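Participant: Have a peek at coords_10.cif (mmCIF, C-alpha atoms).
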```
data_my_file
loop_
_atom_site.label_atom_id
_atom_site.label_comp_id
_atom_site.auth_asym_id
_atom_site.auth_seq_id
_atom_site.Cartn_x
_atom_site.Cartn_y
_atom_site.Cartn_z
CA GLU V 1 8.67 -17.63 12.83
CA VAL V 2 5.96 -17.47 15.50
CA HIS V 3 3.33 -18.82 13.08
CA SER V 4 5.55 -21.80 12.32
CA LEU V 5 5.36 -23.10 15.89
CA PRO V 6 3.70 -26.54 16.21
CA LEU V 7 0.03 -26.57 17.15
CA ASP V 8 0.69 -28.25 20.50
CA VAL V 9 2.97 -25.32 21.38
CA LYS V 10 0.44 -22.74 20.17
CA MET V 11 -2.21 -24.31 22.38
CA LYS V 12 -0.18 -23.28 25.42
CA TYR V 13 -0.65 -19.62 24.42
CA VAL V 14 -4.32 -19.41 23.40
CA LYS V 15 -6.54 -16.58 24.63
CA PRO V 16 -7.73 -15.15 26.96
CA TYR V 17 -4.54 -15.46 29.03
CA GLY V 18 -2.36 -16.14 26.03
CA THR V 19 -2.04 -14.19 22.80
CA TYR V 20 -2.87 -16.74 20.10
CA SER V 21 -6.14 -17.29 18.23
CA GLY V 22 -6.95 -19.28 15.12
CA LEU V 23 -9.21 -21.91 13.63
CA ASP V 24 -6.41 -24.48 13.83
CA ALA V 25 -6.71 -24.26 17.63
CA GLY V 26 -10.45 -25.05 17.44
CA GLU V 27 -13.71 -23.21 16.84
CA LYS V 28 -13.54 -21.71 20.35
CA TYR V 29 -10.42 -19.76 19.38
CA ALA V 30 -11.37 -18.86 15.80
CA GLU V 31 -11.79 -15.33 14.46
CA TYR V 32 -15.35 -14.02 14.18
CA ASP V 33 -17.21 -15.02 10.99
CA TYR V 34 -18.44 -11.72 9.60
CA GLU V 35 -20.68 -13.21 6.92
CA GLN V 36 -23.09 -16.12 7.13
CA GLY V 37 -21.79 -19.11 5.22
CA THR V 38 -18.13 -18.23 5.74
CA ARG V 39 -15.45 -19.47 8.11
CA SER V 40 -12.55 -17.21 9.14
CA SER V 41 -9.32 -19.19 8.90
CA VAL V 42 -6.99 -16.31 9.84
CA ARG V 43 -4.48 -17.02 12.62
CA SER V 44 -3.24 -14.26 14.91
CA TRP V 45 -0.71 -13.50 17.62
CA ASP V 46 -1.82 -10.33 19.42
CA TYR V 47 -0.07 -7.92 21.74
CA SER V 48 -1.77 -5.25 23.84
CA ARG V 49 -0.42 -3.50 26.90
CA THR V 50 -3.99 -2.76 28.00
CA ARG V 51 -4.99 -6.44 28.02
CA SER V 52 -1.78 -7.29 29.86
CA SER V 53 -2.60 -4.78 32.60
CA GLU V 54 -5.93 -6.58 33.04
CA GLY V 55 -4.18 -9.91 33.54
CA LYS V 56 -5.04 -11.19 30.05
CA GLY V 57 -2.75 -11.79 27.10
CA THR V 58 0.25 -12.17 29.39
CA ASN V 59 1.43 -15.62 28.26
CA PHE V 60 4.00 -15.14 25.47
CA PRO V 61 6.46 -17.43 23.66
CA GLY V 62 9.97 -16.78 24.96
CA SER V 63 13.53 -16.86 23.68
CA ASP V 64 13.56 -20.65 23.99
CA LEU V 65 11.13 -20.76 21.06
CA LEU V 66 11.84 -17.58 19.07
CA SER V 67 15.01 -15.88 17.91
CA ALA V 68 13.47 -12.51 18.87
CA PRO V 69 11.56 -12.74 22.20
CA PHE V 70 7.88 -11.97 21.63
CA GLN V 71 7.17 -9.35 24.30
CA PRO V 72 10.29 -7.14 24.06
CA PHE V 73 10.13 -7.09 20.26
CA LEU V 74 6.47 -6.05 20.12
CA ASP V 75 6.74 -3.70 23.10
CA ASP V 76 9.34 -1.69 21.16
CA MET V 77 6.99 -1.58 18.18
CA TYR V 78 4.19 -0.48 20.52
CA ASP V 79 6.04 2.72 21.44
CA ARG V 80 6.55 3.54 17.77
CA GLN V 81 2.92 2.83 16.85
CA ASN V 82 1.75 5.28 19.52
CA VAL V 83 3.88 8.04 17.96
CA LEU V 84 2.61 7.25 14.46
CA GLY V 85 -1.02 6.93 15.59
CA THR V 86 -0.93 10.30 17.33
CA ALA V 87 0.51 11.96 14.22
CA LEU V 88 -2.18 10.43 12.01
CA MET V 89 -4.94 11.63 14.34
CA VAL V 90 -3.58 15.18 13.88
CA ALA V 91 -3.42 14.67 10.11
CA PHE V 92 -7.06 13.54 9.96
CA ALA V 93 -8.14 16.59 11.96
CA GLU V 94 -6.17 19.06 9.84
CA MET V 95 -7.44 17.44 6.64
CA LEU V 96 -10.96 18.32 7.82
CA SER V 97 -9.90 21.87 8.91
CA LEU V 98 -10.44 20.98 12.56
CA PRO V 99 -8.22 21.80 15.59
CA PRO V 100 -5.22 19.42 15.76
CA ASP V 101 -6.38 17.81 19.04
CA THR V 102 -9.93 17.07 17.82
CA PHE V 103 -9.39 13.30 17.85
CA ASN V 104 -6.30 12.93 20.03
CA LYS V 105 -8.07 14.39 23.06
CA TYR V 106 -10.07 11.16 23.27
CA TYR V 107 -6.86 9.11 23.48
CA THR V 108 -5.12 10.81 26.40
CA SER V 109 -4.64 7.79 28.67
CA GLY V 110 -3.07 4.41 28.09
CA ASP V 111 -1.92 3.06 24.75
CA LEU V 112 -3.62 3.61 21.45
CA GLY V 113 -4.20 0.12 20.15
CA THR V 114 -3.25 -3.50 19.55
CA ILE V 115 -0.59 -5.14 17.40
CA ARG V 116 -1.67 -8.26 15.50
CA LEU V 117 0.68 -10.60 13.63
CA LEU V 118 -1.61 -12.31 11.12
CA TYR V 119 -1.33 -15.33 8.87
CA TYR V 120 -4.01 -16.05 6.28
CA PRO V 121 -3.52 -19.70 5.22
CA GLY V 122 -6.11 -19.50 2.42
CA ALA V 123 -8.98 -21.87 1.71
CA GLU V 124 -8.46 -25.23 3.39
CA THR V 125 -11.85 -26.74 4.20
CA SER V 126 -14.39 -25.01 1.93
CA THR V 127 -17.59 -26.90 1.17
CA GLU V 128 -20.78 -26.09 -0.72
CA GLU V 129 -22.28 -24.85 2.56
CA VAL V 130 -19.30 -23.00 4.09
CA VAL V 131 -16.61 -20.95 2.33
CA ASP V 132 -13.27 -21.01 4.15
CA SER V 133 -11.89 -17.46 3.98
CA GLY V 134 -9.09 -15.52 5.65
CA ILE V 135 -11.53 -12.89 6.89
CA SER V 136 -14.72 -12.21 4.92
CA ALA V 137 -15.95 -8.72 3.97
CA HIS V 138 -16.14 -6.41 6.98
CA THR V 139 -15.31 -2.99 8.38
CA ASP V 140 -12.91 -2.59 11.31
CA PHE V 141 -14.58 -1.30 14.46
CA GLU V 142 -11.59 0.86 15.54
CA ALA V 143 -10.79 4.41 14.40
CA PHE V 144 -8.27 3.14 11.86
CA THR V 145 -5.94 0.26 11.13
CA LEU V 146 -2.43 0.26 9.69
CA MET V 147 -1.69 -2.92 7.73
CA HIS V 148 1.48 -4.18 6.08
CA GLN V 149 1.23 -7.31 3.94
CA ASP V 150 4.02 -9.34 2.36
CA ALA V 151 2.00 -10.48 -0.68
CA PRO V 152 -1.19 -9.50 -2.57
CA GLY V 153 -4.40 -10.48 -0.80
CA LEU V 154 -5.92 -7.50 0.99
CA ARG V 155 -8.76 -5.98 -1.05
CA PHE V 156 -10.96 -2.91 -0.56
CA MET V 157 -14.48 -2.24 -1.80
CA SER V 158 -14.74 0.95 -3.85
CA PRO V 159 -17.30 3.27 -2.18
CA ASP V 160 -18.34 4.50 -5.64
CA SER V 161 -18.64 1.36 -7.78
CA GLY V 162 -18.70 -1.42 -5.19
CA ALA V 163 -15.91 -3.15 -7.10
CA TRP V 164 -13.03 -4.82 -5.26
CA ILE V 165 -9.62 -3.09 -5.48
CA ASP V 166 -6.31 -4.82 -4.67
CA ALA V 167 -4.31 -3.08 -1.94
CA PRO V 168 -0.70 -2.29 -2.90
CA VAL V 169 2.20 -4.37 -1.60
CA ARG V 170 5.09 -2.01 -0.83
CA GLU V 171 8.12 -2.75 1.30
CA GLY V 172 8.34 -0.57 4.40
CA GLU V 173 4.86 0.92 4.00
CA PHE V 174 1.51 0.52 5.76
CA VAL V 175 -1.96 0.86 4.25
CA VAL V 176 -4.31 3.08 6.31
CA ILE V 177 -7.78 1.52 6.68
CA LEU V 178 -10.51 3.72 8.14
CA GLY V 179 -12.79 2.12 10.71
CA ASP V 180 -16.23 2.54 12.28
CA VAL V 181 -15.06 4.85 15.10
CA MET V 182 -13.60 7.36 12.62
CA GLU V 183 -16.84 7.26 10.62
CA ARG V 184 -18.77 8.10 13.80
CA PHE V 185 -16.22 10.75 14.82
CA THR V 186 -16.76 12.55 11.49
CA ASN V 187 -20.53 11.94 11.18
CA GLY V 188 -19.95 9.96 8.00
CA VAL V 189 -17.67 12.43 6.22
CA LEU V 190 -14.97 9.74 6.35
CA LYS V 191 -16.38 6.29 5.62
CA ALA V 192 -15.23 3.03 7.16
CA THR V 193 -13.47 0.90 4.55
CA VAL V 194 -14.97 -2.46 3.60
CA SER V 195 -12.12 -4.95 3.22
CA VAL V 196 -11.57 -8.66 2.73
CA GLU V 197 -8.42 -10.74 3.25
CA PRO V 198 -8.92 -14.05 1.46
CA SER V 199 -5.48 -15.13 0.30
CA ARG V 200 -2.31 -16.71 1.60
CA LEU V 201 -0.25 -13.94 3.17
CA PHE V 202 1.41 -12.71 6.33
CA ALA V 203 0.49 -9.28 7.67
CA ILE V 204 1.17 -6.92 10.55
CA ILE V 205 -1.71 -4.70 11.62
CA LEU V 206 -1.79 -1.90 14.17
CA THR V 207 -5.30 -1.00 15.33
CA PHE V 208 -6.22 2.32 16.98
#
```
As structure tokens, please, write out the structure in this file.
Facilitator:
Amino acid sequence: EVHSLPLDVKMKYVKPYGTYSGLDAGEKYAEYDYEQGTRSSVRSWDYSRTRSSEGKGTNFPGSDLLSAPFQPFLDDMYDRQNVLGTALMVAFAEMLSLPPDTFNKYYTSGDLGTIRLLYYPGAETSTEEVVDSGISAHTDFEAFTLMHQDAPGLRFMSPDSGAWIDAPVREGEFVVILGDVMERFTNGVLKATVSVEPSRLFAIILTF
């Protein structure tokens, strides 16, 4: 619903004091292009309590525009993502035969991450010089990302063969994507996942 708002309405909520970013709002508000010769067309509504406390990201669409008010809806999800993120940090530690608080002790203050509501419109303006992509191949800089998609599109690079693997689409489930911070935490034992999101889909991601 929030991605269906007209562009003139979205422009009232662009970053840094709003929560919207996307190429449709102009190059200034577009996602980073991870590879030369590509253009990231992904559109995102973000929510972070940390940014809000800094006076940024505080301009949200209200109940006059959405059936479920933006901030209360995502704030409730924020509490649940903190519980899930903490449990996964313990799971990663125990998987490596480390004390349960090995990773969680670095996340003792504030909230764990950011919620992003993403829309990947697919190729719209590709040319011979520039390929219009959702987000080109990259690794996430955070410790890990949880992503739920409503259609096929997310792909991972196999660390063994380098081939691209389609991520599963399962109702009520998130895919766990390891990021650069977790690779540093584990001195490379756990590798950051190379992913690409090129297709038309909606997704919810929780970054930690």
Participant: Which residues of region 86-198 of chain V sit at most 9 Å from region 72-78 of chain V, using only C-alpha atoms? Give each one's shortest atom pair and distance in Å (one decimal place), in chain and ascending residue order, as JSON lines.
Facilitator:
```
{"residue": "V:Asp111", "atom": "CA", "partner": "V:Tyr78", "partner_atom": "CA", "distance": 8.2}
{"residue": "V:Leu112", "atom": "CA", "partner": "V:Tyr78", "partner_atom": "CA", "distance": 8.9}
{"residue": "V:Gly113", "atom": "CA", "partner": "V:Tyr78", "partner_atom": "CA", "distance": 8.4}
{"residue": "V:Thr114", "atom": "CA", "partner": "V:Tyr78", "partner_atom": "CA", "distance": 8.1}
{"residue": "V:Ile115", "atom": "CA", "partner": "V:Tyr78", "partner_atom": "CA", "distance": 7.4}
```
Participant: Quick one: which residues end up in the PyMOL selection byres ((chain V and resi 41) around 7) for this structure, as JSON, numbers by chain?
Facilitator: {"V": [22, 23, 39, 40, 42, 43, 120, 121, 132, 133, 134, 135]}
Participant: What does the distance between CA of Tyr34 (chain V) and CA of Ala163 (chain V) come to in Å, to one decimal place?
Facilitator: 18.9 Å
Participant: Can you work out the spacing between CA of Met11 (chain V) and CA of His148 (chain V) in Å, to one decimal?
Facilitator: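 Separation between CA of Met11 (chain V) and CA of His148 (chain V): 26.2 Å.
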Participant: Here is a test: counting all atoms listed in the file, which residue of V:His138, V:Arg184, V:Arg170, V:Lys191 is nearest to Tyr32 (chain V)?
Facilitator: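 Using all atoms listed in the file, Tyr32 (chain V) sits closest to V:His138.
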Participant: How many Å lie between CA of Glu35 (chain V) and CA of Asp140 (chain V), rounded to one decimal?
Facilitator: 13.9 Å
Participant: On this structure, the PyMOL selection byres ((chain V and resi 207) around 12) would catch which residues? List them as JSON, numbers by chain, sorted by chain and number.
Facilitator: {"V": [46, 47, 48, 78, 81, 82, 84, 85, 111, 112, 113, 114, 115, 116, 117, 140, 141, 142, 143, 144, 145, 146, 147, 148, 174, 175, 176, 177, 178, 179, 180, 181, 204, 205, 206, 208]}
